[in-house]
Amino acid sequence: DEPTIEALKKHKLTSYNIKVFLGTWCGDSHREVPRLMKILDLLKYPENKVVLIALNRKKEGPNGEETSYSIKRVPTIILEKHGKEIGRIIESPQSTGFLEKDLLEIITKK
């Protein structure tokens, strides 16, 4: 959605860090992670600000990262600013049905 991409640029999504917990075995991850990467590519989002963490079928990460983030479902996309979680999208966009619109909603909520 072009207007939403422009709004994400205006609201500086690039000033947020993104953590993505995914499962290579998970259908939702297969659908949503490529969509997220396309959005980030359109925004020229810095690669060093996104962290991908692959979980096994027990939803365990290589270093136990899932525990401190209370990950129960994948994919879970977490937006952080100054080390603090601002919001998350779990499995698929729930609020608007569109990943880019849910991202915009997270960074513009007061």
# chains A, B, ... in the order shown; residues from 1 in each chain; ligands from 1

call {"tool": "residues_around", "arguments": {"residues": "A:Thr4", "least_positions_apart": "4", "cutoff": "7 Å", "atoms": "only C-alpha atoms", "output": "PyMOL selection string"}}
result
chain A and resi 8+100-101

call {"tool": "residues_around", "arguments": {"residues": "A:Leu13", "least_positions_apart": "5", "cutoff": "9 Å", "atoms": "only C-alpha atoms", "output": "list in words"}}
result
Leu8, Leu43, Tyr45, Leu103, Leu104 and Ile107 of chain A

call {"tool": "write_last_selection", "arguments": {"atoms": "N, CA and C atoms", "output": "compact mmCIF listing (two decimals), in the first residue's frame"}}
result
# COMPACT_ATOMS: atom_id res chain seq x y z
N LEU A 8 4.96 5.48 6.63
CA LEU A 8 6.00 4.84 7.44
C LEU A 8 7.33 5.59 7.29
N LEU A 43 11.42 0.75 2.21
CA LEU A 43 11.74 1.85 3.12
C LEU A 43 13.23 2.11 3.22
N TYR A 45 15.22 0.33 4.84
CA TYR A 45 15.45 0.09 6.27
C TYR A 45 16.85 -0.51 6.46
N LEU A 103 2.09 -1.94 11.21
CA LEU A 103 3.35 -1.31 11.62
C LEU A 103 3.13 0.19 11.85
N LEU A 104 2.43 0.84 10.94
CA LEU A 104 2.16 2.27 11.08
C LEU A 104 1.32 2.54 12.32
N ILE A 107 3.57 2.50 15.45
CA ILE A 107 4.48 3.62 15.68
C ILE A 107 3.76 4.96 15.81

call {"tool": "closest_residue", "arguments": {"among": "A:Gly97, A:Asn48, A:Leu22, A:Asp1", "to": "A:Glu60", "atoms": "only C-alpha atoms"}}
result
A:Leu22

call {"tool": "atom_distance", "arguments": {"atom1": "atom CA of A:Leu40", "atom2": "atom CA of A:Cys26"}}
result
21.0 Å

call {"tool": "select_by_dssp", "arguments": {"residues": "stretch 11-73 of chain A", "states": "strand (DSSP E)", "output": "PyMOL selection string"}}
result
chain A and resi 17-22+50-54

call {"tool": "write_last_selection", "arguments": {"atoms": "C-alpha atoms", "output": "PDB file, in the first residue's frame"}}
result
ATOM      1  CA  ASN A  17      14.776  -1.669  15.858  1.00  0.00           C
ATOM      2  CA  ILE A  18      12.936  -4.788  14.731  1.00  0.00           C
ATOM      3  CA  LYS A  19      13.233  -8.324  16.086  1.00  0.00           C
ATOM      4  CA  VAL A  20      11.545 -11.126  14.183  1.00  0.00           C
ATOM      5  CA  PHE A  21      11.030 -14.539  15.786  1.00  0.00           C
ATOM      6  CA  LEU A  22      10.167 -17.043  13.066  1.00  0.00           C
ATOM      7  CA  VAL A  50      16.609  -5.976  12.017  1.00  0.00           C
ATOM      8  CA  VAL A  51      17.352  -9.196  13.871  1.00  0.00           C
ATOM      9  CA  LEU A  52      15.928 -12.518  12.662  1.00  0.00           C
ATOM     10  CA  ILE A  53      15.776 -15.299  15.243  1.00  0.00           C
ATOM     11  CA  ALA A  54      14.795 -18.752  14.001  1.00  0.00           C
TER      12      ALA A  54
END

call {"tool": "residues_around", "arguments": {"residues": "A:Gly27", "least_positions_apart": "5", "cutoff": "12 Å", "atoms": "only C-alpha atoms", "output": "MDAnalysis selection string"}}
result
chainID A and resid 22 32:34 73:75 91:92

call {"tool": "closest_residue", "arguments": {"among": "A:Thr76, A:Asn56, A:Thr67, A:Thr24", "to": "A:Ile90", "atoms": "only C-alpha atoms"}}
result
A:Thr76

call {"tool": "select_by_dssp", "arguments": {"residues": "chain A", "states": "alpha helix (DSSP H)", "output": "ChimeraX atom specification"}}
result
/A:2-10,27-42,65-68,99-108

call {"tool": "write_last_selection", "arguments": {"atoms": "C-alpha atoms", "output": "PDB file, in the first residue's frame"}}
result
ATOM      1  CA  GLU A   2       1.885   3.029  -1.328  1.00  0.00           C
ATOM      2  CA  PRO A   3       0.318   5.707   0.936  1.00  0.00           C
ATOM      3  CA  THR A   4       1.078   3.602   4.013  1.00  0.00           C
ATOM      4  CA  ILE A   5       4.692   3.081   2.892  1.00  0.00           C
ATOM      5  CA  GLU A   6       5.031   6.873   2.519  1.00  0.00           C
ATOM      6  CA  ALA A   7       3.521   7.355   5.988  1.00  0.00           C
ATOM      7  CA  LEU A   8       6.002   4.837   7.438  1.00  0.00           C
ATOM      8  CA  LYS A   9       8.809   6.896   5.884  1.00  0.00           C
ATOM      9  CA  LYS A  10       7.348  10.109   7.308  1.00  0.00           C
ATOM     10  CA  GLY A  27       3.268 -21.343   7.254  1.00  0.00           C
ATOM     11  CA  ASP A  28       2.579 -17.942   8.833  1.00  0.00           C
ATOM     12  CA  SER A  29       6.331 -17.210   8.853  1.00  0.00           C
ATOM     13  CA  HIS A  30       6.535 -18.242   5.175  1.00  0.00           C
ATOM     14  CA  ARG A  31       3.778 -15.743   4.373  1.00  0.00           C
ATOM     15  CA  GLU A  32       4.585 -12.771   6.638  1.00  0.00           C
ATOM     16  CA  VAL A  33       8.405 -12.609   6.821  1.00  0.00           C
ATOM     17  CA  PRO A  34       8.881 -12.109   3.046  1.00  0.00           C
ATOM     18  CA  ARG A  35       6.154  -9.428   3.137  1.00  0.00           C
ATOM     19  CA  LEU A  36       7.966  -7.684   5.996  1.00  0.00           C
ATOM     20  CA  MET A  37      11.280  -7.854   4.151  1.00  0.00           C
ATOM     21  CA  LYS A  38       9.688  -6.312   1.038  1.00  0.00           C
ATOM     22  CA  ILE A  39       8.267  -3.454   3.138  1.00  0.00           C
ATOM     23  CA  LEU A  40      11.647  -2.886   4.785  1.00  0.00           C
ATOM     24  CA  ASP A  41      13.338  -2.937   1.378  1.00  0.00           C
ATOM     25  CA  LEU A  42      10.936  -0.279   0.056  1.00  0.00           C
ATOM     26  CA  GLU A  65      16.041 -15.299  23.392  1.00  0.00           C
ATOM     27  CA  GLU A  66      12.398 -16.335  23.176  1.00  0.00           C
ATOM     28  CA  THR A  67      12.124 -16.530  26.976  1.00  0.00           C
ATOM     29  CA  SER A  68      12.766 -12.852  27.698  1.00  0.00           C
ATOM     30  CA  LEU A  99       1.389  -5.705   7.708  1.00  0.00           C
ATOM     31  CA  GLU A 100       2.431  -2.181   6.716  1.00  0.00           C
ATOM     32  CA  LYS A 101      -0.748  -0.668   8.187  1.00  0.00           C
ATOM     33  CA  ASP A 102      -0.283  -2.537  11.482  1.00  0.00           C
ATOM     34  CA  LEU A 103       3.348  -1.307  11.623  1.00  0.00           C
ATOM     35  CA  LEU A 104       2.159   2.272  11.075  1.00  0.00           C
ATOM     36  CA  GLU A 105      -0.511   1.855  13.734  1.00  0.00           C
ATOM     37  CA  ILE A 106       2.120   0.686  16.251  1.00  0.00           C
ATOM     38  CA  ILE A 107       4.479   3.622  15.677  1.00  0.00           C
ATOM     39  CA  THR A 108       1.739   6.283  15.597  1.00  0.00           C
TER      40      THR A 108
END
